[in-house]
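S.K.: So I've got this file, query21.tsv, and it contains TSV, C-alpha atoms:
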```tsv
chain	number	residue	atom	x	y	z
A	1	MET	CA	162.42	68.17	120.01
A	2	THR	CA	163.20	71.62	118.62
A	3	ASN	CA	160.76	74.53	118.95
A	4	ALA	CA	160.11	74.40	115.20
A	5	THR	CA	159.29	70.70	115.36
A	6	ALA	CA	157.03	71.25	118.36
A	7	ARG	CA	155.18	74.00	116.57
A	8	ALA	CA	154.77	71.81	113.49
A	9	ALA	CA	153.32	69.02	115.64
A	10	GLU	CA	150.68	71.27	117.18
A	11	PRO	CA	147.22	70.57	115.77
A	12	ALA	CA	145.51	73.28	113.75
A	13	PRO	CA	143.02	75.34	115.77
A	14	ILE	CA	139.41	74.14	115.58
A	15	LYS	CA	137.46	76.57	113.37
A	16	ALA	CA	134.07	74.86	113.52
A	17	CYS	CA	132.16	72.02	115.17
A	18	THR	CA	129.22	69.88	114.23
A	19	VAL	CA	126.76	69.41	117.07
A	20	CYS	CA	124.30	66.53	116.92
A	21	ARG	CA	122.99	63.40	118.53
A	22	ASP	CA	125.05	61.18	116.19
A	23	VAL	CA	127.14	62.66	113.39
A	24	GLN	CA	127.12	59.30	111.58
A	25	ASN	CA	123.49	60.00	110.71
A	26	PHE	CA	124.73	62.93	108.61
A	27	ASP	CA	127.43	61.42	106.43
A	28	LEU	CA	127.04	64.09	103.72
A	29	LEU	CA	127.70	66.74	106.37
A	30	ILE	CA	130.94	64.96	107.35
A	31	GLU	CA	132.10	65.02	103.73
A	32	ASP	CA	131.27	68.69	103.28
A	33	MET	CA	132.92	69.71	106.56
A	34	GLU	CA	136.10	67.89	105.53
A	35	THR	CA	136.00	69.60	102.13
A	36	GLU	CA	135.54	73.05	103.67
A	37	LEU	CA	137.78	72.77	106.75
A	38	GLY	CA	140.10	69.79	106.36
A	39	GLU	CA	141.00	68.69	109.88
A	40	ALA	CA	140.13	72.02	111.52
A	41	TRP	CA	136.74	70.87	112.79
A	42	GLY	CA	135.33	68.61	115.47
A	43	ASP	CA	132.12	66.92	116.52
A	44	LEU	CA	130.32	67.41	119.84
A	45	SER	CA	127.17	66.23	121.56
A	46	TYR	CA	124.64	68.80	122.74
A	47	HIS	CA	125.91	68.60	126.33
A	48	ASP	CA	129.60	68.75	125.39
A	49	ALA	CA	128.97	71.69	123.05
A	50	ALA	CA	127.31	73.70	125.82
A	51	VAL	CA	130.38	73.18	128.03
A	52	PHE	CA	132.95	73.71	125.27
A	53	LEU	CA	131.48	77.05	124.14
A	54	THR	CA	132.21	78.56	127.56
A	55	GLN	CA	135.88	77.53	127.52
A	56	THR	CA	138.83	79.52	126.13
A	57	GLU	CA	139.49	76.80	123.52
A	58	ALA	CA	136.27	77.89	121.81
A	59	ASN	CA	137.70	81.33	121.02
A	60	THR	CA	138.94	80.05	117.66
A	61	LEU	CA	135.48	78.89	116.54
A	62	ASP	CA	133.90	80.62	113.56
A	63	PHE	CA	130.66	78.65	113.67
A	64	ILE	CA	128.89	75.53	114.87
A	65	ALA	CA	126.66	73.42	112.61
A	66	ILE	CA	123.74	71.96	114.57
A	67	ALA	CA	122.50	68.89	112.68
A	68	MET	CA	119.08	67.59	113.67
A	69	ASP	CA	116.16	65.50	112.44
A	70	GLU	CA	112.61	64.98	113.64
A	71	GLU	CA	113.78	62.85	116.58
A	72	ASP	CA	115.64	65.88	117.94
A	73	GLU	CA	112.53	68.05	118.14
A	74	LYS	CA	111.97	66.82	121.70
A	75	HIS	CA	115.34	68.42	122.57
A	76	VAL	CA	114.45	71.80	121.07
A	77	GLY	CA	114.80	73.54	124.45
A	78	VAL	CA	118.37	72.27	124.79
A	79	ILE	CA	119.14	73.36	121.21
A	80	VAL	CA	117.68	76.83	121.80
A	81	ASP	CA	119.87	77.23	124.90
A	82	LEU	CA	122.87	76.12	122.87
A	83	ILE	CA	122.14	78.73	120.18
A	84	LYS	CA	121.85	81.42	122.85
A	85	THR	CA	125.19	80.37	124.36
A	86	ALA	CA	126.86	80.44	120.95
A	87	ARG	CA	125.39	83.87	120.25
A	88	ASP	CA	126.64	85.20	123.60
A	89	HIS	CA	130.17	84.03	122.71
A	90	ASP	CA	130.09	85.49	119.15
A	91	VAL	CA	129.93	82.08	117.47
A	92	ASP	CA	127.63	81.83	114.45
A	93	VAL	CA	125.15	78.96	114.12
A	94	ILE	CA	124.12	77.01	111.02
A	95	VAL	CA	121.13	74.69	111.41
A	96	ILE	CA	121.23	71.52	109.28
A	97	ALA	CA	117.72	70.06	109.40
A	98	GLU	CA	116.09	66.92	108.02
A	99	GLU	CA	112.29	66.63	108.25
A	100	VAL	CA	112.07	69.18	111.06
A	101	SER	CA	108.77	71.06	111.40
A	102	PRO	CA	108.65	74.66	110.13
A	103	MET	CA	107.66	76.01	113.54
A	104	VAL	CA	110.75	74.48	115.17
A	105	LEU	CA	112.95	75.98	112.45
A	106	HIS	CA	111.22	79.32	112.95
A	107	GLN	CA	111.96	79.14	116.69
A	108	LEU	CA	115.66	78.35	116.11
A	109	LEU	CA	116.09	81.14	113.58
A	110	LYS	CA	114.32	83.60	115.84
A	111	GLN	CA	116.64	82.70	118.73
A	112	GLY	CA	119.74	83.56	116.73
A	113	ALA	CA	120.67	80.83	114.24
A	114	LYS	CA	122.17	82.65	111.25
A	115	GLU	CA	121.68	80.08	108.49
A	116	PHE	CA	119.39	77.15	107.65
A	117	VAL	CA	120.40	74.37	105.24
A	118	PRO	CA	118.16	71.36	104.48
A	119	TYR	CA	119.45	67.81	104.70
A	120	PRO	CA	120.37	65.91	102.55
A	121	LEU	CA	122.66	68.80	101.72
A	122	PRO	CA	122.23	70.25	98.22
A	123	GLU	CA	125.52	70.52	96.36
A	124	GLY	CA	127.45	73.58	97.50
A	125	ALA	CA	124.80	74.59	100.07
A	126	LEU	CA	127.11	74.36	103.11
A	127	HIS	CA	129.84	76.29	101.29
A	128	GLU	CA	127.41	79.06	100.38
A	129	ALA	CA	126.12	79.26	103.97
A	130	ILE	CA	129.68	79.56	105.30
A	131	GLU	CA	130.47	82.28	102.75
A	132	ARG	CA	127.40	84.24	103.84
A	133	LEU	CA	128.60	84.04	107.44
A	134	LYS	CA	131.96	85.45	106.36
A	135	ALA	CA	130.37	88.37	104.52
A	136	PRO	CA	130.83	91.68	106.35
A	137	ALA	CA	127.82	93.10	108.13
A	138	PRO	CA	126.21	96.06	106.35
A	139	GLN	CA	127.44	99.41	107.58
A	140	PRO	CA	124.96	101.84	109.15
A	141	ALA	CA	125.51	104.27	106.27
A	142	ALA	CA	124.19	101.67	103.85
A	143	ALA	CA	121.18	100.77	105.97
A	144	ALA	CA	117.75	100.63	104.41
A	145	PRO	CA	115.56	103.71	104.58
A	146	GLU	CA	113.23	104.09	107.53
A	147	ALA	CA	109.94	102.32	107.19
A	148	LYS	CA	106.96	104.44	106.22
A	149	VAL	CA	103.50	103.81	107.55
A	150	THR	CA	100.79	103.43	104.96
A	151	LYS	CA	98.12	106.11	104.95
A	152	LEU	CA	95.72	103.82	103.13
A	153	LYS	CA	92.80	102.62	105.21
A	154	PRO	CA	91.23	99.17	104.90
A	155	THR	CA	87.92	99.06	103.09
A	156	GLY	CA	87.08	95.36	102.96
A	157	ASP	CA	84.69	96.00	100.08
A	158	ARG	CA	86.89	95.11	97.08
A	159	GLU	CA	87.13	92.00	94.92
A	160	GLY	CA	90.68	92.44	93.75
A	161	VAL	CA	92.14	90.76	90.69
A	162	VAL	CA	94.85	88.32	91.82
A	163	MET	CA	97.77	88.02	89.38
A	164	PRO	CA	100.71	85.86	90.54
A	165	VAL	CA	104.04	85.99	88.68
A	166	HIS	CA	106.20	82.85	88.55
A	167	SER	CA	109.65	82.57	86.95
A	168	LEU	CA	110.15	79.19	85.30
A	169	ALA	CA	113.93	79.57	85.61
A	170	GLY	CA	116.32	81.66	87.66
A	171	GLY	CA	116.94	85.06	86.12
A	172	ALA	CA	113.86	84.91	83.91
A	173	GLY	CA	112.79	88.33	85.17
A	174	GLY	CA	109.71	87.50	87.24
A	175	THR	CA	110.31	90.04	90.02
A	176	THR	CA	111.19	92.81	87.55
A	177	PHE	CA	107.96	92.09	85.69
A	178	ALA	CA	105.87	91.92	88.88
A	179	VAL	CA	107.19	95.21	90.28
A	180	ASN	CA	106.79	97.14	87.04
A	181	LEU	CA	103.37	95.68	86.23
A	182	ALA	CA	102.20	96.71	89.69
A	183	TRP	CA	103.58	100.24	89.26
A	184	GLU	CA	101.98	100.67	85.83
A	185	LEU	CA	98.61	99.61	87.24
A	186	ALA	CA	98.99	101.89	90.26
A	187	THR	CA	99.71	104.91	88.04
A	188	ILE	CA	97.40	104.11	85.15
A	189	SER	CA	95.08	107.00	86.00
A	190	LYS	CA	95.74	110.34	87.66
A	191	ASP	CA	92.14	110.86	88.68
A	192	ASP	CA	90.92	107.36	89.52
A	193	ALA	CA	93.96	105.17	90.11
A	194	PRO	CA	93.21	101.63	91.31
A	195	ARG	CA	94.51	100.39	94.64
A	196	VAL	CA	97.43	98.00	93.98
A	197	CYS	CA	99.52	95.85	96.29
A	198	VAL	CA	102.41	93.44	95.78
A	199	LEU	CA	102.85	90.34	97.94
A	200	ASP	CA	106.42	89.02	97.94
A	201	PHE	CA	105.99	85.33	98.74
A	202	ASP	CA	109.59	84.39	97.98
A	203	LEU	CA	110.50	83.89	101.64
A	204	GLN	CA	114.14	83.15	100.90
A	205	MET	CA	115.25	85.28	97.95
A	206	GLY	CA	112.52	87.90	97.72
A	207	ALA	CA	113.78	91.06	95.98
A	208	VAL	CA	110.71	93.28	95.68
A	209	ALA	CA	111.93	95.40	98.61
A	210	THR	CA	115.30	95.84	96.89
A	211	TYR	CA	113.72	96.81	93.56
A	212	LEU	CA	111.64	99.50	95.30
A	213	ASP	CA	114.23	100.55	97.91
A	214	LEU	CA	111.98	99.59	100.80
A	215	PRO	CA	113.02	98.36	104.26
A	216	GLN	CA	112.15	94.86	105.41
A	217	ARG	CA	110.25	95.02	108.67
A	218	GLU	CA	109.78	92.68	111.60
A	219	ALA	CA	106.03	93.28	111.25
A	220	VAL	CA	106.04	91.12	108.11
A	221	PHE	CA	107.47	88.14	109.97
A	222	GLU	CA	104.96	88.60	112.78
A	223	LEU	CA	102.09	88.77	110.28
A	224	LEU	CA	103.18	85.66	108.35
A	225	THR	CA	103.52	83.57	111.49
A	226	ASN	CA	100.22	84.69	113.04
A	227	THR	CA	97.73	84.85	110.18
A	228	ASP	CA	95.01	83.30	112.34
A	229	THR	CA	94.81	86.59	114.28
A	230	MET	CA	95.24	88.83	111.23
A	231	ASP	CA	92.57	91.32	110.21
A	232	SER	CA	92.48	94.02	107.55
A	233	GLU	CA	93.93	96.60	109.93
A	234	SER	CA	96.98	94.53	110.91
A	235	PHE	CA	97.50	93.52	107.29
A	236	MET	CA	97.55	97.14	106.13
A	237	GLN	CA	99.99	98.09	108.88
A	238	ALA	CA	102.44	95.43	107.66
A	239	LEU	CA	102.52	96.97	104.17
A	240	GLN	CA	105.15	99.41	102.91
A	241	PRO	CA	103.99	102.30	100.69
A	242	TYR	CA	106.01	103.28	97.65
A	243	GLU	CA	105.34	106.88	96.64
A	244	ASP	CA	101.96	106.45	98.39
A	245	LYS	CA	100.68	104.77	95.22
A	246	LEU	CA	101.86	101.17	95.49
A	247	HIS	CA	101.73	99.07	98.65
A	248	VAL	CA	104.05	96.15	99.30
A	249	LEU	CA	104.20	93.21	101.67
A	250	THR	CA	107.94	92.61	101.48
A	251	ALA	CA	109.66	89.29	102.05
A	252	PRO	CA	110.89	88.80	105.64
A	253	ALA	CA	114.31	90.18	106.52
A	254	GLU	CA	115.61	86.70	107.39
A	255	MET	CA	115.71	83.68	105.09
A	256	LEU	CA	112.86	81.34	106.07
A	257	PRO	CA	111.78	77.84	105.00
A	258	LEU	CA	109.22	77.99	102.19
A	259	ASP	CA	106.97	75.58	104.07
A	260	LEU	CA	106.82	77.88	107.07
A	261	LEU	CA	103.51	79.07	105.62
A	262	THR	CA	100.56	76.73	105.20
A	263	PRO	CA	97.97	76.86	102.42
A	264	GLU	CA	95.55	78.31	105.01
A	265	ASP	CA	98.02	81.12	105.81
A	266	ILE	CA	98.38	81.99	102.13
A	267	GLU	CA	94.62	81.91	101.58
A	268	ARG	CA	94.01	84.32	104.46
A	269	ILE	CA	96.63	86.77	103.21
A	270	ILE	CA	95.40	86.75	99.61
A	271	ASP	CA	91.74	87.05	100.64
A	272	THR	CA	92.55	90.02	102.90
A	273	ALA	CA	94.59	91.69	100.17
A	274	ALA	CA	91.86	91.16	97.56
A	275	ALA	CA	89.25	92.62	99.93
A	276	ASN	CA	91.23	95.85	100.20
A	277	PHE	CA	92.88	96.30	96.78
A	278	ASP	CA	91.77	96.31	93.16
A	279	TYR	CA	94.87	94.43	91.98
A	280	VAL	CA	97.00	91.97	93.94
A	281	ILE	CA	100.33	91.07	92.31
A	282	VAL	CA	101.98	88.03	93.90
A	283	ASP	CA	105.70	87.48	93.33
A	284	MET	CA	106.13	83.72	93.67
A	285	PRO	CA	109.26	81.69	94.42
A	286	SER	CA	110.52	79.74	91.42
A	287	THR	CA	110.13	76.57	93.51
A	288	VAL	CA	106.72	74.87	93.54
A	289	VAL	CA	105.64	74.44	97.18
A	290	MET	CA	102.62	73.01	98.96
A	291	TRP	CA	100.77	76.35	98.80
A	292	THR	CA	101.39	77.00	95.09
A	293	GLU	CA	98.08	75.24	94.44
A	294	THR	CA	96.35	77.71	96.76
A	295	VAL	CA	97.76	80.71	94.89
A	296	LEU	CA	96.86	79.18	91.51
A	297	THR	CA	93.30	78.50	92.67
A	298	LYS	CA	92.92	82.10	93.91
A	299	ALA	CA	94.48	83.60	90.77
A	300	HIS	CA	92.48	85.19	88.00
A	301	VAL	CA	95.50	84.78	85.73
A	302	TYR	CA	98.88	83.20	86.55
A	303	PHE	CA	101.81	84.72	84.67
A	304	THR	CA	104.77	82.42	84.00
A	305	LEU	CA	107.99	84.06	82.84
A	306	MET	CA	110.38	82.11	80.64
A	307	GLU	CA	113.30	82.58	78.31
A	308	LEU	CA	114.16	81.06	74.96
A	309	ASP	CA	116.32	78.24	76.32
A	310	MET	CA	116.08	74.56	77.20
A	311	ARG	CA	115.85	75.05	80.97
A	312	SER	CA	112.73	77.21	80.62
A	313	ALA	CA	111.20	74.74	78.17
A	314	GLN	CA	111.90	71.75	80.41
A	315	ASN	CA	110.62	73.53	83.53
A	316	ALA	CA	107.47	74.62	81.71
A	317	LEU	CA	106.86	71.00	80.67
A	318	ARG	CA	107.39	69.79	84.24
A	319	MET	CA	104.99	72.38	85.63
A	320	ILE	CA	102.28	71.63	83.05
A	321	ARG	CA	102.54	67.90	83.76
A	322	ALA	CA	102.43	68.46	87.53
A	323	LEU	CA	99.33	70.66	87.32
A	324	LYS	CA	97.52	68.28	84.97
A	325	SER	CA	98.34	65.26	87.14
A	326	GLU	CA	96.63	66.99	90.09
A	327	ASP	CA	93.73	68.20	87.93
A	328	LEU	CA	94.61	71.83	88.68
A	329	PRO	CA	93.50	74.77	86.49
A	330	VAL	CA	96.41	74.80	84.04
A	331	GLU	CA	94.33	77.02	81.75
A	332	LYS	CA	95.05	79.96	84.09
A	333	LEU	CA	98.71	79.97	83.06
A	334	ARG	CA	99.75	82.81	80.74
A	335	TYR	CA	103.18	82.34	79.21
A	336	ILE	CA	105.42	85.38	78.84
A	337	MET	CA	108.65	85.19	76.89
A	338	ASN	CA	111.22	87.54	78.37
A	339	ARG	CA	114.10	88.82	76.24
A	340	ALA	CA	112.19	87.64	73.19
A	341	PRO	CA	113.82	87.67	69.74
A	342	LYS	CA	113.75	90.98	67.90
A	343	PHE	CA	111.47	91.47	64.91
A	344	THR	CA	114.36	91.00	62.49
A	345	ASP	CA	115.69	87.85	64.23
A	346	MET	CA	114.05	85.30	61.98
A	347	ALA	CA	116.04	82.38	63.41
A	348	GLY	CA	114.99	83.35	66.94
A	349	LYS	CA	111.35	83.72	65.85
A	350	SER	CA	111.50	80.24	64.35
A	351	ARG	CA	112.93	78.78	67.58
A	352	LEU	CA	110.20	80.51	69.57
A	353	LYS	CA	107.51	79.04	67.34
A	354	ARG	CA	108.98	75.52	67.64
A	355	LEU	CA	109.20	75.85	71.43
A	356	ALA	CA	105.53	76.85	71.70
A	357	GLU	CA	104.46	74.01	69.42
A	358	SER	CA	106.51	71.40	71.27
A	359	LEU	CA	104.97	72.46	74.60
A	360	ASP	CA	101.50	72.90	73.06
A	361	ILE	CA	101.19	76.36	74.58
A	362	SER	CA	100.49	79.87	73.37
A	363	ILE	CA	103.08	82.51	74.27
A	364	GLU	CA	100.79	85.51	74.50
A	365	VAL	CA	103.29	88.19	75.50
A	366	GLN	CA	106.82	88.75	74.21
A	367	LEU	CA	108.92	91.16	76.25
A	368	PRO	CA	111.98	92.77	74.66
A	369	ASP	CA	115.39	92.86	76.31
A	370	GLY	CA	115.50	96.12	78.25
A	371	GLY	CA	119.29	96.00	78.49
A	372	LYS	CA	121.49	97.50	81.19
A	373	ALA	CA	118.86	100.09	82.11
A	374	VAL	CA	116.74	97.37	83.73
A	375	THR	CA	119.52	96.25	86.07
A	376	GLU	CA	120.36	99.86	86.91
A	377	ALA	CA	116.74	100.67	87.74
A	378	ASN	CA	116.46	97.59	89.96
A	379	ASP	CA	119.70	98.45	91.77
A	380	GLN	CA	118.48	102.01	92.33
A	381	GLY	CA	115.15	100.76	93.67
A	382	THR	CA	113.11	102.58	91.03
A	383	PRO	CA	110.46	101.35	88.56
A	384	LEU	CA	111.37	101.59	84.88
A	385	ALA	CA	108.67	104.19	84.34
A	386	GLU	CA	110.62	106.51	86.64
A	387	ALA	CA	114.19	105.55	85.69
A	388	ALA	CA	113.91	104.77	81.95
A	389	LYS	CA	110.50	105.87	80.69
A	390	LYS	CA	111.19	105.10	77.03
A	391	ASN	CA	112.78	101.70	77.65
A	392	PRO	CA	111.20	99.10	75.30
A	393	LEU	CA	110.56	96.67	78.17
A	394	ARG	CA	108.74	99.36	80.11
A	395	LYS	CA	106.54	100.17	77.10
A	396	GLU	CA	105.47	96.53	76.68
A	397	ILE	CA	104.65	96.15	80.39
A	398	GLN	CA	102.69	99.41	80.19
A	399	LYS	CA	100.64	98.05	77.26
A	400	LEU	CA	99.92	94.85	79.19
A	401	ALA	CA	98.81	96.82	82.26
A	402	GLU	CA	96.49	98.99	80.16
A	403	SER	CA	94.99	95.92	78.50
A	404	ALA	CA	94.46	94.12	81.82
A	405	HIS	CA	92.86	97.20	83.38
A	406	ALA	CA	90.55	97.71	80.39
A	407	LEU	CA	89.42	94.07	80.54
A	408	ASN	CA	88.81	94.33	84.28
A	409	GLN	CA	86.78	97.51	83.91
A	410	ALA	CA	84.73	95.94	81.13
A	411	ALA	CA	84.05	92.87	83.28
A	412	ALA	CA	83.10	95.04	86.25
A	413	SER	CA	80.62	97.03	84.16
A	414	GLY	CA	79.17	93.87	82.64
A	415	SER	CA	79.84	94.99	79.09
```
Show the structure stored in the file as structure tokens.
M.R.:
Amino acid sequence: MTNATARAAEPAPIKACTVCRDVQNFDLLIEDMETELGEAWGDLSYHDAAVFLTQTEANTLDFIAIAMDEEDEKHVGVIVDLIKTARDHDVDVIVIAEEVSPMVLHQLLKQGAKEFVPYPLPEGALHEAIERLKAPAPQPAAAAPEAKVTKLKPTGDREGVVMPVHSLAGGAGGTTFAVNLAWELATISKDDAPRVCVLDFDLQMGAVATYLDLPQREAVFELLTNTDTMDSESFMQALQPYEDKLHVLTAPAEMLPLDLLTPEDIERIIDTAAANFDYVIVDMPSTVVMWTETVLTKAHVYFTLMELDMRSAQNALRMIRALKSEDLPVEKLRYIMNRAPKFTDMAGKSRLKRLAESLDISIEVQLPDGGKAVTEANDQGTPLAEAAKKNPLRKEIQKLAESAHALNQAAASGS
């Protein structure tokens, strides 16, 4: 055999391994691993993986994918040790989990697992997780600014207005609306400005911190996972101040399962926020989760952002049906059309009218398209009022904030 033939016969180096009790229980994972890596992957048991990671043959590994279900929870100690071994040998870990409790997932992520993907695998989810692992780590020069400590003291004597914001489709502008509404309320008066906070409850894709150029702190994660010991003081210390006027509970720095929080956790956080602030803006995930009902029940008004397209219409219909089937207060929903048709767009106005009639809803607010200035302001971490004061979107959000504040003051005075 020639050297060239020998080299050609050598198997490709193993770039990844699945680690599980029985890989045949995860047939979709097998398919996705073959799609992503061809023959450059293997399968190991927990015991074999612990041994293999310490050998020189493991130097070619990019990652291991630990696949587990509820039966594996009794082996969580072994899995934690495996994650620590992989971390010590610079091998990334993806956790593939089916019906595993949130607290177990929290423990695995805290011990060093880089990614979590639910099973059955959503289309493209494993590919996206692998791509995130490949992404270069942020350089120190681009690190987030140092966290500031809020100077605001807890009062515990407020009855804050709770206003969640929920995008009915990706890109509908919910976070942009939430951040700018909060800022307009926080700056509505120079002499007697209300106390305003934003709660970013999108545990996986939360962007409020990005839109306000705030760091994401470990204190948030600690607060969310220990709400039973939370008081007003610890809640306030977990907040980030923006210009000492707006206070934000950012999303955690790491991507977490949405069901990590229970309805009781959410209720405690909202109640504490409402006791210390005049307005509580809640940026919700676009996904409906088990604690969405809790937020809706606590809300004074529940803003739903949509666009003039079929996906928004279909998602609005699904949400209305779901709320009605559970006898939940669907009347709290306030529909906001983002990037609404211009005054001269008669065809667009006609489509908007037909959409509202077909859904049997009233679209009470129509927000104009703010254009490129909105994206630029978000990327710079600055509210529109600071970056593009005369932007038409900013003006409409300002009007809505003034109207909401006037109604709240009238209700408070009993007039």
S.K.: Can you pull out the residues contacting region 22-24 of chain A? Cut-off 12 Å, using only C-alpha atoms, and skip same-chain residues under 3 positions away; I want them as an MDAnalysis selection string.
M.R.: chainID A and resid 17:19 27:31 33 42:46 65:69 71:72 96
S.K.: Excluding region 59-62 of chain A and residues on its chain fewer than 3 positions from it, collect all residues at most 10 Å away from it, counting all atoms listed in the file, and give them as a PyMOL selection string.
M.R.: chain A and resi 13-17+40-41+52-56+86+89-93+130+133-134
S.K.: Please, what distance in Å, to one decimal, runs between CA of Asp202 (chain A) and CA of Pro122 (chain A)?
M.R.: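 Value for the CA of Asp202 (chain A)-CA of Pro122 (chain A) distance: 19.0 Å.
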S.K.: Could you check which of A:Leu305, A:Ala410, A:Leu212, A:His166 is closest to Glu386 (chain A), using only C-alpha atoms?
M.R.: A:Leu212
S.K.: Using all atoms listed in the file and a cutoff of 12 Å, can you tell me which residues are near (114.6, 65.9, 100.6) in the file's coordinates, and write them out as JSON, numbers by chain?
M.R.: {"A": [69, 97, 98, 99, 100, 117, 118, 119, 120, 121, 122]}
S.K.: Which residue is closest to Ala238 (chain A)? Choose from A:Thr150, A:Ser189, A:Asn378, A:Thr297 and count all atoms listed in the file.
M.R.: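 Among the listed residues, the smallest separation from Ala238 (chain A) belongs to A:Thr150.
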